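Student: final_32.cif is reproduced in full below (mmCIF, C-alpha atoms).
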```cif
data_model
#
loop_
_atom_site.label_atom_id
_atom_site.label_comp_id
_atom_site.auth_asym_id
_atom_site.auth_seq_id
_atom_site.Cartn_x
_atom_site.Cartn_y
_atom_site.Cartn_z
CA MET F 5 62.63 -31.58 -17.78
CA LYS F 6 59.36 -33.13 -16.61
CA LYS F 7 58.01 -31.89 -13.31
CA ASP F 8 57.07 -34.22 -10.47
CA TYR F 9 53.50 -35.39 -10.04
CA TRP F 10 51.46 -34.04 -7.16
CA ASN F 11 51.59 -35.88 -3.89
CA PRO F 12 48.60 -38.29 -4.07
CA TYR F 13 47.37 -37.26 -0.61
CA PHE F 14 47.39 -33.59 -1.62
CA GLY F 15 45.59 -34.50 -4.86
CA GLY F 16 43.00 -36.46 -2.87
CA VAL F 17 42.37 -33.50 -0.57
CA VAL F 18 41.97 -31.18 -3.57
CA LEU F 19 39.61 -33.65 -5.29
CA GLY F 20 37.56 -34.15 -2.12
CA THR F 21 37.32 -30.39 -1.56
CA MET F 22 36.18 -29.81 -5.14
CA LEU F 23 33.61 -32.60 -4.83
CA PHE F 24 32.27 -31.06 -1.62
CA LEU F 25 32.06 -27.64 -3.27
CA THR F 26 30.19 -28.97 -6.31
CA PHE F 27 27.64 -30.62 -4.00
CA ALA F 28 27.33 -27.40 -1.97
CA ILE F 29 27.12 -25.02 -4.94
CA ALA F 30 25.48 -27.04 -7.74
CA SER F 31 23.58 -29.60 -5.63
CA GLN F 32 25.24 -32.39 -7.59
CA GLY F 33 28.71 -33.84 -7.87
CA PHE F 34 31.13 -34.56 -10.68
CA GLY F 35 30.39 -36.60 -13.76
CA ALA F 36 31.11 -36.15 -17.44
CA SER F 37 28.88 -38.66 -19.22
CA GLY F 38 25.86 -36.37 -18.98
CA THR F 39 27.61 -33.98 -21.36
CA PHE F 40 27.61 -36.57 -24.13
CA SER F 41 23.94 -37.36 -23.52
CA ARG F 42 23.24 -33.63 -23.74
CA LEU F 43 25.21 -33.35 -26.99
CA THR F 44 23.22 -36.24 -28.44
CA ALA F 45 19.90 -34.74 -27.33
CA GLU F 46 20.88 -31.35 -28.80
CA TYR F 47 21.82 -32.97 -32.10
CA LEU F 48 18.60 -35.00 -32.28
CA VAL F 49 16.33 -32.02 -31.58
CA ASN F 50 18.24 -29.73 -33.96
CA SER F 51 17.90 -32.33 -36.72
CA ASP F 52 14.22 -33.16 -36.03
CA LYS F 53 12.01 -31.31 -33.51
CA SER F 54 9.75 -34.37 -33.15
CA TRP F 55 12.37 -35.79 -30.79
CA LEU F 56 10.95 -33.44 -28.16
CA SER F 57 7.99 -35.83 -27.87
CA ASN F 58 10.43 -38.43 -26.48
CA ALA F 59 10.35 -38.04 -22.67
CA TYR F 60 14.04 -38.93 -22.23
CA VAL F 61 15.24 -36.43 -24.85
CA ALA F 62 12.77 -33.77 -23.67
CA SER F 63 14.09 -34.04 -20.10
CA TYR F 64 17.29 -32.31 -21.27
CA PHE F 65 15.27 -29.28 -22.39
CA LYS F 66 13.05 -28.67 -19.37
CA HIS F 67 15.14 -25.74 -18.04
CA SER F 68 16.39 -24.24 -21.29
CA ASP F 69 15.96 -24.16 -25.06
CA SER F 70 19.36 -25.82 -25.33
CA ALA F 71 20.41 -29.12 -23.78
CA LEU F 72 23.93 -27.71 -23.59
CA MET F 73 22.98 -25.03 -21.05
CA ASN F 74 24.16 -27.06 -18.08
CA TRP F 75 27.17 -26.80 -15.83
CA THR F 76 28.35 -30.35 -16.64
CA VAL F 77 29.00 -29.25 -20.24
CA LEU F 78 31.30 -26.50 -18.96
CA GLU F 79 32.88 -28.97 -16.55
CA THR F 80 33.72 -31.35 -19.41
CA ILE F 81 35.20 -28.53 -21.50
CA GLY F 82 37.22 -27.50 -18.42
CA ILE F 83 38.47 -31.08 -17.97
CA PHE F 84 39.76 -31.10 -21.54
CA PHE F 85 41.46 -27.71 -21.41
CA GLY F 86 42.64 -28.20 -17.81
CA GLY F 87 44.26 -31.51 -18.70
CA PHE F 88 45.87 -29.94 -21.74
CA ALA F 89 47.20 -26.99 -19.71
CA SER F 90 48.44 -29.30 -16.96
CA ALA F 91 50.34 -31.50 -19.45
CA LEU F 92 51.76 -28.42 -21.15
CA LEU F 93 52.92 -26.79 -17.89
CA ALA F 94 54.42 -30.07 -16.59
CA GLU F 95 56.14 -30.62 -19.95
CA ARG F 96 54.33 -33.94 -20.44
CA LEU F 97 52.38 -32.99 -23.56
CA MET F 98 52.92 -35.63 -26.21
CA PHE F 99 50.91 -37.55 -28.75
CA LYS F 100 51.61 -41.24 -28.38
CA ALA F 101 49.82 -44.47 -27.58
CA ASP F 102 50.55 -45.78 -24.10
CA LYS F 103 51.59 -49.37 -24.65
CA ALA F 104 54.45 -51.82 -24.44
CA ARG F 105 57.18 -51.10 -26.98
CA SER F 106 56.70 -54.46 -28.67
CA TYR F 107 52.89 -54.19 -28.94
CA PRO F 108 51.55 -52.89 -32.31
CA THR F 109 50.07 -49.39 -32.11
CA THR F 110 47.13 -50.20 -34.41
CA LYS F 111 46.19 -53.20 -32.28
CA ARG F 112 46.46 -51.10 -29.10
CA LEU F 113 44.23 -48.38 -30.57
CA PHE F 114 41.71 -51.00 -31.73
CA TRP F 115 41.42 -52.47 -28.23
CA ALA F 116 41.25 -48.99 -26.71
CA PHE F 117 38.33 -48.20 -29.04
CA VAL F 118 36.56 -51.47 -28.19
CA GLY F 119 37.04 -50.85 -24.47
CA GLY F 120 35.87 -47.26 -24.83
CA ALA F 121 32.73 -48.37 -26.67
CA ILE F 122 31.94 -50.91 -23.94
CA VAL F 123 32.45 -48.28 -21.24
CA ALA F 124 30.32 -45.73 -23.14
CA PHE F 125 27.44 -48.21 -23.41
CA SER F 126 27.85 -49.34 -19.82
CA THR F 127 27.92 -45.75 -18.61
CA ARG F 128 24.41 -45.12 -19.87
CA PHE F 129 23.25 -48.55 -18.70
CA ALA F 130 24.63 -47.91 -15.19
CA ARG F 131 23.19 -44.37 -15.22
CA GLY F 132 26.53 -42.66 -14.73
CA CYS F 133 30.20 -42.66 -15.59
CA THR F 134 32.99 -43.98 -13.42
CA SER F 135 33.68 -40.55 -11.93
CA GLY F 136 30.00 -40.01 -11.22
CA GLN F 137 29.54 -43.47 -9.75
CA GLY F 138 32.88 -43.65 -7.94
CA LEU F 139 33.07 -40.14 -6.56
CA ASP F 140 29.50 -38.89 -6.30
CA GLY F 141 27.78 -42.20 -5.62
CA MET F 142 30.27 -43.43 -3.06
CA ALA F 143 30.35 -40.02 -1.36
CA THR F 144 26.57 -40.23 -0.90
CA PHE F 145 26.74 -43.90 0.15
CA SER F 146 24.74 -45.11 -2.84
CA VAL F 147 24.54 -48.91 -2.69
CA GLY F 148 24.48 -49.08 -6.51
CA ALA F 149 27.69 -47.01 -6.75
CA TRP F 150 29.45 -49.24 -4.23
CA ILE F 151 28.39 -52.34 -6.19
CA PHE F 152 29.53 -50.67 -9.42
CA MET F 153 32.98 -49.84 -8.03
CA PHE F 154 33.52 -53.30 -6.50
CA THR F 155 32.56 -54.99 -9.77
CA THR F 156 34.73 -52.57 -11.77
CA PHE F 157 37.79 -53.41 -9.68
CA ALA F 158 36.94 -57.13 -9.69
CA ALA F 159 36.62 -57.09 -13.49
CA GLY F 160 39.98 -55.32 -13.72
CA LEU F 161 41.65 -57.95 -11.57
CA ILE F 162 40.02 -60.83 -13.46
CA PHE F 163 40.59 -59.58 -17.01
CA SER F 164 43.91 -57.70 -16.69
CA PRO F 165 46.03 -60.82 -17.34
CA LEU F 166 44.37 -61.13 -20.76
CA PHE F 167 45.65 -57.69 -21.77
CA ARG F 168 48.98 -57.64 -19.94
CA ASN F 169 50.97 -57.92 -23.18
CA GLN F 170 49.63 -54.50 -24.24
CA TRP F 171 51.45 -52.89 -21.31
CA VAL F 172 54.45 -55.04 -20.41
CA ASP F 173 57.16 -56.05 -22.88
CA LYS F 174 57.96 -59.76 -23.02
CA GLU F 175 61.46 -59.29 -21.61
CA GLU F 176 60.01 -57.45 -18.56
CA LYS F 177 57.65 -60.34 -17.68
#
```
Kindly transcribe the structure held in the file into structure tokens.
Tutor:
Amino acid sequence: MKKDYWNPYFGGVVLGTMLFLTFAIASQGFGASGTFSRLTAEYLVNSDKSWLSNAYVASYFKHSDSALMNWTVLETIGIFFGGFASALLAERLMFKADKARSYPTTKRLFWAFVGGAIVAFSTRFARGCTSGQGLDGMATFSVGAWIFMFTTFAAGLIFSPLFRNQWVDKEEK
């Protein structure tokens, strides 16, 4: 039997407390996209040391010989294993595509990949992922983060009707 979800207010308090603690302890907030930039930098330098002459790539190595020696890498690993443990303990662990019953799985996975690729590109372009922009940026009253979040929600409202059939079966409409 599946267990109930946390009360959203309790979850918000826990999230806010964790965000405060990461600012207090690590002098920065949440954010996972940096891990993937660090993985890329590590791969590039391990494959060809001349990448260290690139200022952007070299910036990941200024405190260590490895770009992966950073707390955000551990945070991202913790997110993966924490989510897995949470789903397992709540008896919600399953491998399936979230979609309407009548929508083809391959088509749903294709659009999920396209959307993920757009978000991955946009994350680097916007200099941070949604969690970094939405939680960290808004908590520090960054104008750019507020603009990012308003445009993200506006885009969701504008474009969601185009993808509604992925989530809602025709007989439910």
Student: Taking the file as shown, what set of residues would the PyMOL selection byres ((chain F and resi 102) around 9) give back, as a PDB file with C-alpha atoms, in the coordinates of the input?
Tutor:
```pdb
ATOM      1  CA  LYS F 100      51.610 -41.240 -28.380  1.00  0.00           C
ATOM      2  CA  ALA F 101      49.820 -44.470 -27.580  1.00  0.00           C
ATOM      3  CA  LYS F 103      51.590 -49.370 -24.650  1.00  0.00           C
ATOM      4  CA  ALA F 104      54.450 -51.820 -24.440  1.00  0.00           C
ATOM      5  CA  ARG F 105      57.180 -51.100 -26.980  1.00  0.00           C
ATOM      6  CA  THR F 109      50.070 -49.390 -32.110  1.00  0.00           C
ATOM      7  CA  ARG F 112      46.460 -51.100 -29.100  1.00  0.00           C
ATOM      8  CA  GLN F 170      49.630 -54.500 -24.240  1.00  0.00           C
ATOM      9  CA  TRP F 171      51.450 -52.890 -21.310  1.00  0.00           C
TER      10      TRP F 171
END
```
Student: I'd like to see the residues matched by the PyMOL selection byres ((chain F and resi 11-23) around 8) on this file, and ideally I'd get them as a VMD selection string.
Tutor: chain F and resid 9 to 10 24 to 27 33 to 34 139 to 140
Student: Take the selection from the previous step and output its residues with C-alpha atoms, as a tab-separated table (two decimals), in the coordinates of the input.
Tutor:
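Output contents, as saved in result.tsv:
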```
chain	number	residue	atom	x	y	z
F	9	TYR	CA	53.50	-35.39	-10.04
F	10	TRP	CA	51.46	-34.04	-7.16
F	24	PHE	CA	32.27	-31.06	-1.62
F	25	LEU	CA	32.06	-27.64	-3.27
F	26	THR	CA	30.19	-28.97	-6.31
F	27	PHE	CA	27.64	-30.62	-4.00
F	33	GLY	CA	28.71	-33.84	-7.87
F	34	PHE	CA	31.13	-34.56	-10.68
F	139	LEU	CA	33.07	-40.14	-6.56
F	140	ASP	CA	29.50	-38.89	-6.30
```
Student: Using the chain letters and numbers from the file, give me the residues hit by the PyMOL selection byres ((chain F and resi 122-131) around 10), as a list in words.
Tutor: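 Checked against the file, the PyMOL selection byres ((chain F and resi 122-131) around 10) matches Ser37, Gly38, Phe40, Ser41, Ala116, Phe117, Val118, Gly119, Gly120, Ala121, Gly132, Cys133, Thr134, Gly136, Gln137, Gly148, Ala149 and Phe152 of chain F.
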Student: Quick one: write out the picked residues with C-alpha atoms as a PDB file, in the coordinates of the input?
Tutor:
```pdb
ATOM      1  CA  SER F  37      28.880 -38.660 -19.220  1.00  0.00           C
ATOM      2  CA  GLY F  38      25.860 -36.370 -18.980  1.00  0.00           C
ATOM      3  CA  PHE F  40      27.610 -36.570 -24.130  1.00  0.00           C
ATOM      4  CA  SER F  41      23.940 -37.360 -23.520  1.00  0.00           C
ATOM      5  CA  ALA F 116      41.250 -48.990 -26.710  1.00  0.00           C
ATOM      6  CA  PHE F 117      38.330 -48.200 -29.040  1.00  0.00           C
ATOM      7  CA  VAL F 118      36.560 -51.470 -28.190  1.00  0.00           C
ATOM      8  CA  GLY F 119      37.040 -50.850 -24.470  1.00  0.00           C
ATOM      9  CA  GLY F 120      35.870 -47.260 -24.830  1.00  0.00           C
ATOM     10  CA  ALA F 121      32.730 -48.370 -26.670  1.00  0.00           C
ATOM     11  CA  GLY F 132      26.530 -42.660 -14.730  1.00  0.00           C
ATOM     12  CA  CYS F 133      30.200 -42.660 -15.590  1.00  0.00           C
ATOM     13  CA  THR F 134      32.990 -43.980 -13.420  1.00  0.00           C
ATOM     14  CA  GLY F 136      30.000 -40.010 -11.220  1.00  0.00           C
ATOM     15  CA  GLN F 137      29.540 -43.470  -9.750  1.00  0.00           C
ATOM     16  CA  GLY F 148      24.480 -49.080  -6.510  1.00  0.00           C
ATOM     17  CA  ALA F 149      27.690 -47.010  -6.750  1.00  0.00           C
ATOM     18  CA  PHE F 152      29.530 -50.670  -9.420  1.00  0.00           C
TER      19      PHE F 152
END
```
Student: Enter the distance from CA of Phe65 in chain F to CA of Arg42 in chain F, in Å, rounded to one decimal.
Tutor: 9.2 Å
Student: What is the CA of Leu43 in chain F to CA of Val77 in chain F distance in Å?
Tutor: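 Between CA of Leu43 in chain F and CA of Val77 in chain F the gap works out to 8.8 Å.
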Student: Excluding range 47-64 of chain F and any residue of its chain fewer than 6 positions from it, enumerate the residues within 10 Å of it, using only C-alpha atoms, and give them as an MDAnalysis selection string.
Tutor: chainID F and resid 38 41 70:74
Student: Would you compute the distance between CA of Val172 in chain F and CA of Trp115 in chain F? Give it in Å to one decimal.
Tutor: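 That distance, rounded to one decimal, is 15.4 Å.
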